[in-house]
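Data file: entry_12.pdb. Format and content: PDB, C-alpha atoms.
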```pdb
ATOM      1  CA  MET D   1      37.533-139.190  41.276
ATOM      2  CA  THR D   2      34.892-136.456  41.186
ATOM      3  CA  PHE D   3      33.716-134.908  44.426
ATOM      4  CA  THR D   4      30.121-135.842  45.207
ATOM      5  CA  LEU D   5      28.087-133.247  47.062
ATOM      6  CA  ASN D   6      26.191-134.221  50.187
ATOM      7  CA  ALA D   7      23.848-132.290  52.447
ATOM      8  CA  PRO D   8      24.687-132.693  56.133
ATOM      9  CA  VAL D   9      22.308-131.023  58.573
ATOM     10  CA  LEU D  10      23.583-127.535  59.423
ATOM     11  CA  GLU D  11      22.047-125.746  62.408
ATOM     12  CA  GLY D  12      22.398-122.251  63.774
ATOM     13  CA  THR D  13      20.364-120.105  66.160
ATOM     14  CA  LEU D  14      17.691-119.009  63.672
ATOM     15  CA  VAL D  15      17.604-121.708  61.014
ATOM     16  CA  ARG D  16      18.323-125.389  60.508
ATOM     17  CA  LEU D  17      19.250-126.570  57.026
ATOM     18  CA  GLU D  18      17.900-130.081  56.450
ATOM     19  CA  PRO D  19      18.315-132.255  53.340
ATOM     20  CA  LEU D  20      15.277-131.449  51.206
ATOM     21  CA  GLY D  21      12.576-134.125  51.130
ATOM     22  CA  HIS D  22       8.862-134.614  50.674
ATOM     23  CA  GLN D  23       8.336-134.195  54.424
ATOM     24  CA  HIS D  24       8.872-130.466  53.748
ATOM     25  CA  ALA D  25       6.308-130.231  50.943
ATOM     26  CA  ALA D  26       3.324-128.952  52.946
ATOM     27  CA  ASP D  27       5.346-126.230  54.670
ATOM     28  CA  LEU D  28       7.007-125.136  51.419
ATOM     29  CA  ALA D  29       3.640-124.901  49.682
ATOM     30  CA  VAL D  30       2.489-122.476  52.388
ATOM     31  CA  ALA D  31       5.760-120.527  52.233
ATOM     32  CA  ALA D  32       5.657-120.246  48.444
ATOM     33  CA  GLU D  33       2.185-118.695  48.339
ATOM     34  CA  GLU D  34       2.595-116.063  51.082
ATOM     35  CA  ASP D  35       3.432-113.196  48.715
ATOM     36  CA  ARG D  36       4.927-114.022  45.340
ATOM     37  CA  GLY D  37       5.667-110.388  44.518
ATOM     38  CA  THR D  38       9.345-110.810  45.451
ATOM     39  CA  TYR D  39       9.906-113.825  43.177
ATOM     40  CA  GLY D  40       9.927-112.039  39.823
ATOM     41  CA  PHE D  41      13.420-113.225  38.879
ATOM     42  CA  THR D  42      13.577-116.354  41.047
ATOM     43  CA  SER D  43      12.559-119.956  40.402
ATOM     44  CA  VAL D  44      10.009-120.695  43.145
ATOM     45  CA  PRO D  45       7.445-123.477  42.755
ATOM     46  CA  ALA D  46       3.758-122.660  42.806
ATOM     47  CA  PRO D  47       2.051-124.337  45.779
ATOM     48  CA  GLY D  48       0.699-127.128  43.574
ATOM     49  CA  GLU D  49       4.122-127.750  42.031
ATOM     50  CA  VAL D  50       6.105-128.342  45.218
ATOM     51  CA  GLY D  51       6.010-132.148  44.894
ATOM     52  CA  SER D  52       7.470-132.126  41.386
ATOM     53  CA  TYR D  53       9.949-129.415  42.455
ATOM     54  CA  ILE D  54      11.245-131.692  45.211
ATOM     55  CA  ASP D  55      11.371-134.668  42.825
ATOM     56  CA  ALA D  56      13.492-132.669  40.367
ATOM     57  CA  HIS D  57      15.905-131.591  43.093
ATOM     58  CA  LEU D  58      16.224-135.139  44.423
ATOM     59  CA  ALA D  59      16.930-136.411  40.901
ATOM     60  CA  ALA D  60      19.682-133.817  40.518
ATOM     61  CA  ALA D  61      21.015-134.712  43.968
ATOM     62  CA  ALA D  62      21.373-138.341  42.842
ATOM     63  CA  THR D  63      23.975-137.181  40.299
ATOM     64  CA  GLY D  64      26.157-135.713  43.058
ATOM     65  CA  ARG D  65      26.051-132.245  41.503
ATOM     66  CA  LEU D  66      23.345-130.760  43.756
ATOM     67  CA  ALA D  67      22.807-130.887  47.509
ATOM     68  CA  PRO D  68      19.381-129.324  48.160
ATOM     69  CA  TYR D  69      18.203-128.084  51.545
ATOM     70  CA  ALA D  70      14.985-127.025  53.198
ATOM     71  CA  GLN D  71      15.422-123.958  55.391
ATOM     72  CA  VAL D  72      13.606-124.671  58.652
ATOM     73  CA  SER D  73      12.838-121.798  61.004
ATOM     74  CA  LEU D  74      13.873-122.691  64.545
ATOM     75  CA  ALA D  75      11.249-120.275  65.870
ATOM     76  CA  THR D  76       8.358-122.202  64.280
ATOM     77  CA  GLY D  77       9.784-125.580  63.287
ATOM     78  CA  ARG D  78       8.404-125.075  59.781
ATOM     79  CA  ALA D  79      10.223-125.110  56.444
ATOM     80  CA  VAL D  80      10.244-121.535  55.135
ATOM     81  CA  GLY D  81      12.290-121.882  51.960
ATOM     82  CA  ALA D  82      15.022-123.759  50.177
ATOM     83  CA  THR D  83      18.671-123.438  49.165
ATOM     84  CA  ALA D  84      21.427-125.688  47.827
ATOM     85  CA  TYR D  85      25.042-126.402  47.080
ATOM     86  CA  TRP D  86      25.561-126.719  43.333
ATOM     87  CA  GLU D  87      28.229-127.342  40.675
ATOM     88  CA  PRO D  88      31.129-128.921  42.616
ATOM     89  CA  ARG D  89      34.488-128.409  40.897
ATOM     90  CA  SER D  90      37.668-130.360  41.510
ATOM     91  CA  TRP D  91      40.215-128.670  39.291
ATOM     92  CA  LEU D  92      43.334-130.169  40.860
ATOM     93  CA  GLY D  93      42.527-133.666  39.659
ATOM     94  CA  ASP D  94      41.688-135.405  42.921
ATOM     95  CA  ASP D  95      38.593-136.002  45.018
ATOM     96  CA  ALA D  96      39.013-132.786  47.005
ATOM     97  CA  LEU D  97      36.540-129.974  46.369
ATOM     98  CA  ASP D  98      38.084-126.761  45.044
ATOM     99  CA  ALA D  99      34.966-124.667  44.412
ATOM    100  CA  VAL D 100      31.212-124.839  44.780
ATOM    101  CA  GLU D 101      28.213-122.622  44.121
ATOM    102  CA  VAL D 102      25.464-121.722  46.595
ATOM    103  CA  GLY D 103      22.154-121.121  44.897
ATOM    104  CA  PHE D 104      18.542-122.139  44.248
ATOM    105  CA  THR D 105      17.681-119.991  47.265
ATOM    106  CA  TRP D 106      14.242-118.657  48.130
ATOM    107  CA  LEU D 107      12.403-117.735  51.320
ATOM    108  CA  ALA D 108       8.835-117.029  52.333
ATOM    109  CA  ARG D 109       8.112-113.311  52.222
ATOM    110  CA  SER D 110       7.583-113.173  55.993
ATOM    111  CA  THR D 111      11.046-114.642  56.579
ATOM    112  CA  GLN D 112      12.938-112.250  54.334
ATOM    113  CA  GLY D 113      14.956-109.704  56.297
ATOM    114  CA  THR D 114      14.776-111.660  59.560
ATOM    115  CA  GLY D 115      18.371-112.930  59.600
ATOM    116  CA  VAL D 116      17.470-116.426  58.368
ATOM    117  CA  ASN D 117      19.068-115.859  54.973
ATOM    118  CA  ALA D 118      22.212-114.426  56.551
ATOM    119  CA  GLU D 119      22.584-117.389  58.887
ATOM    120  CA  ALA D 120      21.858-119.914  56.134
ATOM    121  CA  LYS D 121      24.663-118.365  54.084
ATOM    122  CA  LEU D 122      26.928-118.407  57.144
ATOM    123  CA  LEU D 123      26.266-122.118  57.684
ATOM    124  CA  LEU D 124      26.753-123.029  54.024
ATOM    125  CA  PHE D 125      29.884-120.945  53.537
ATOM    126  CA  ARG D 126      31.430-122.121  56.806
ATOM    127  CA  HIS D 127      30.929-125.783  55.916
ATOM    128  CA  ALA D 128      32.323-125.235  52.432
ATOM    129  CA  PHE D 129      35.446-123.361  53.568
ATOM    130  CA  GLU D 130      36.156-124.983  56.932
ATOM    131  CA  VAL D 131      35.065-128.598  56.365
ATOM    132  CA  TRP D 132      35.412-129.147  52.632
ATOM    133  CA  GLY D 133      38.346-126.729  52.337
ATOM    134  CA  VAL D 134      37.216-125.020  49.141
ATOM    135  CA  SER D 135      39.181-122.185  47.583
ATOM    136  CA  ARG D 136      36.063-120.293  46.511
ATOM    137  CA  VAL D 137      32.304-120.189  46.794
ATOM    138  CA  ASP D 138      30.342-118.517  44.056
ATOM    139  CA  LEU D 139      26.829-117.170  43.704
ATOM    140  CA  LYS D 140      24.922-115.895  40.685
ATOM    141  CA  THR D 141      21.632-114.193  39.989
ATOM    142  CA  ASP D 142      19.737-112.498  37.200
ATOM    143  CA  ALA D 143      21.631-109.269  36.567
ATOM    144  CA  ARG D 144      18.315-107.366  36.802
ATOM    145  CA  ASN D 145      17.488-108.734  40.255
ATOM    146  CA  ARG D 146      18.411-105.818  42.480
ATOM    147  CA  ARG D 147      16.975-107.446  45.620
ATOM    148  CA  SER D 148      19.029-110.620  45.181
ATOM    149  CA  ARG D 149      22.185-108.731  44.269
ATOM    150  CA  ALA D 150      21.865-106.538  47.367
ATOM    151  CA  ALA D 151      21.435-109.637  49.559
ATOM    152  CA  ILE D 152      24.496-111.288  48.013
ATOM    153  CA  GLU D 153      26.589-108.146  48.431
ATOM    154  CA  LYS D 154      25.649-107.967  52.123
ATOM    155  CA  THR D 155      27.447-111.295  52.647
ATOM    156  CA  GLY D 156      30.713-109.688  51.517
ATOM    157  CA  ALA D 157      30.817-111.534  48.200
ATOM    158  CA  ARG D 158      32.478-109.602  45.390
ATOM    159  CA  LEU D 159      31.033-108.965  41.973
ATOM    160  CA  GLU D 160      33.199-110.552  39.296
ATOM    161  CA  GLY D 161      31.139-109.381  36.338
ATOM    162  CA  VAL D 162      28.011-109.913  34.300
ATOM    163  CA  LEU D 163      28.000-112.828  31.872
ATOM    164  CA  ARG D 164      25.673-112.200  28.955
ATOM    165  CA  ASN D 165      23.142-114.845  27.898
ATOM    166  CA  TRP D 166      24.590-117.069  30.623
ATOM    167  CA  SER D 167      21.595-119.107  31.760
ATOM    168  CA  ARG D 168      17.848-119.506  31.354
ATOM    169  CA  SER D 169      15.491-116.785  32.470
ATOM    170  CA  TYR D 170      12.969-117.560  35.216
ATOM    171  CA  VAL D 171      10.910-114.428  34.579
ATOM    172  CA  PRO D 172       7.276-115.184  33.669
ATOM    173  CA  GLY D 173       6.781-114.507  29.975
ATOM    174  CA  GLU D 174      10.457-115.084  29.196
ATOM    175  CA  GLU D 175      10.241-118.850  28.804
ATOM    176  CA  GLY D 176      12.787-120.089  26.286
ATOM    177  CA  ARG D 177      14.933-116.983  26.672
ATOM    178  CA  LEU D 178      18.355-116.495  28.241
ATOM    179  CA  ARG D 179      19.299-113.998  30.907
ATOM    180  CA  ASP D 180      22.445-112.094  31.809
ATOM    181  CA  SER D 181      23.851-113.387  35.117
ATOM    182  CA  ALA D 182      25.727-111.371  37.737
ATOM    183  CA  ILE D 183      28.529-113.555  39.125
ATOM    184  CA  TYR D 184      29.827-113.113  42.685
ATOM    185  CA  SER D 185      32.433-114.989  44.704
ATOM    186  CA  ILE D 186      34.132-115.323  48.048
ATOM    187  CA  THR D 187      37.662-116.747  48.180
ATOM    188  CA  ALA D 188      39.275-118.619  51.046
ATOM    189  CA  ALA D 189      41.412-115.558  51.837
ATOM    190  CA  GLU D 190      38.291-113.386  52.080
ATOM    191  CA  TRP D 191      36.281-115.863  54.115
ATOM    192  CA  PRO D 192      37.364-114.743  57.640
ATOM    193  CA  GLY D 193      36.160-111.201  56.955
ATOM    194  CA  CYS D 194      32.909-112.423  55.436
ATOM    195  CA  ARG D 195      32.363-114.790  58.362
ATOM    196  CA  GLU D 196      32.757-111.935  60.843
ATOM    197  CA  ARG D 197      30.290-109.809  58.863
ATOM    198  CA  LEU D 198      27.690-112.583  58.722
ATOM    199  CA  GLU D 199      28.119-113.530  62.383
ATOM    200  CA  HIS D 200      27.484-109.902  63.339
ATOM    201  CA  ARG D 201      24.315-109.809  61.235
ATOM    202  CA  VAL D 202      23.040-113.025  62.790
ATOM    203  CA  ARG D 203      23.747-111.818  66.334
ATOM    204  CA  SER D 204      21.929-108.567  65.604
ATOM    205  CA  ALA D 205      18.920-110.409  64.158
ATOM    206  CA  ALA D 206      18.750-112.786  67.119
ATOM    207  CA  VAL D 207      18.485-109.969  69.678
ATOM    208  CA  PRO D 208      14.830-108.945  70.249
ATOM    209  CA  PRO D 209      14.098-105.223  69.912
ATOM    210  CA  ALA D 210      14.292-103.283  73.136
ATOM    211  CA  LEU D 211      10.988-102.731  74.838
ATOM    212  CA  THR D 212       9.847 -99.131  74.831
ATOM    213  CA  PRO D 213       8.818 -98.093  78.329
ATOM    214  CA  ARG D 214       5.287 -96.829  78.667
ATOM    215  CA  PRO D 215       4.883 -93.172  79.539
TER     216      PRO D 215
END
```
Target encoding structure tokens, full file:
Amino acid sequence: MTFTLNAPVLEGTLVRLEPLGHQHAADLAVAAEEDRGTYGFTSVPAPGEVGSYIDAHLAAAATGRLAPYAQVSLATGRAVGATAYWEPRSWLGDDALDAVEVGFTWLARSTQGTGVNAEAKLLLFRHAFEVWGVSRVDLKTDARNRRSRAAIEKTGARLEGVLRNWSRSYVPGEEGRLRDSAIYSITAAEWPGCRERLEHRVRSAAVPPALTPRP
């Protein structure tokens, strides 16, 4: 048997990950158009393309190889981005999951740096390691994407290398071209340390800044 990915609801203190659906389309259209300057290397739908973007993800989900999520801010109740489990691998020949990728991630500009991404990764990694029992989680990004690579490295994931001409480029003007991909991973043995790091980041983000007393 081949492991089939599913997308259970995962909720933290800052974000709730819900199975992606058309009920999120209006919010995602708003999120996608806030400031597209940070999406140079990332596949993010234009506001008018969100419906077809969701359709494509749901079609991939029907194959069992993708479990797409909307990232819903608990502060506003609105979807502020998306993420997914991807590429399940069962190398040991049974229906247990040995490895999975986390990817297809993007967030509204106003949500970047608020702790939502850190908690989303915490929720996804924790479910993969502690419920599914995977041996590794991997992540990849365009090797030129310094912002994405820095965010991945903050989770504690380790760089395994850069694979040349590994996947399609999402950079405007590079349609039909391939990109080099930076490959990162977290193993089951490394997960406790990564979990502690992410939990600390989420706790820090959840604490409001101290009020400065007036003179």
Between atom CA of Gly161 of chain D and atom CA of Leu122 of chain D lies a distance of 23.1 Å
I'd like the neighbourhood of segment 187-202 of chain D as a PyMOL selection string, where a residue qualifies if any of its atoms comes within 10 Å (using all atoms listed in the file), though same-chain residues fewer than 6 positions away should be ignored. chain D and resi 12-14+99+114-123+125-126+128-130+133-138+154-158
Shell around segment 64-80 of chain D at 8 Å using all atoms listed in the file, local window under 2 positions removed, as a PyMOL selection string: chain D and resi 3-7+13-21+24+27-28+31+57-58+60-62+82-88+107-108+111+116+120
Judged by only C-alpha atoms, the minimum distance to His22 of chain D among D:Pro8, D:Gln112, D:Asp55, D:Leu178 is found for D:Asp55
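Distances from D:Leu159, D:Leu97, D:Ala150, D:Ala143 to Asp180 of chain D were compared using all atoms listed in the file, and the smallest one belongs to D:Ala143.
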What is the atom CA of Thr63 of chain D-atom CA of Thr42 of chain D distance in Å, reported with one decimal? 23.3 Å
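The space separating atom CA of Glu175 of chain D from atom CA of Ile152 of chain D comes to 25.1 Å.
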Neighbours of Thr141 of chain D within 8 Å (only C-alpha atoms; same-chain residues fewer than 4 positions away dropped), as an MDAnalysis selection string? chainID D and resid 145 148:149 181:183
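Among the candidate residues D:Gly81, D:Tyr184, D:Arg144, D:Ala26, the one lying nearest to Val100 of chain D is D:Tyr184, with distances computed using all atoms listed in the file.
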Between D:Gly176, D:Lys140, D:Tyr170, D:Ile186, which has the minimum distance to Phe41 of chain D (counting only C-alpha atoms)? D:Tyr170
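Closest approach to Leu10 of chain D among D:Thr105, D:Arg89, D:Asp35, D:Val131 is made by D:Val131 (distances from only C-alpha atoms).
Between Gly40 of chain D and the candidates D:Trp166, D:Val171, D:Arg179, D:Ala205, the tightest atom-to-atom separation, counting only C-alpha atoms, involves D:Val171.
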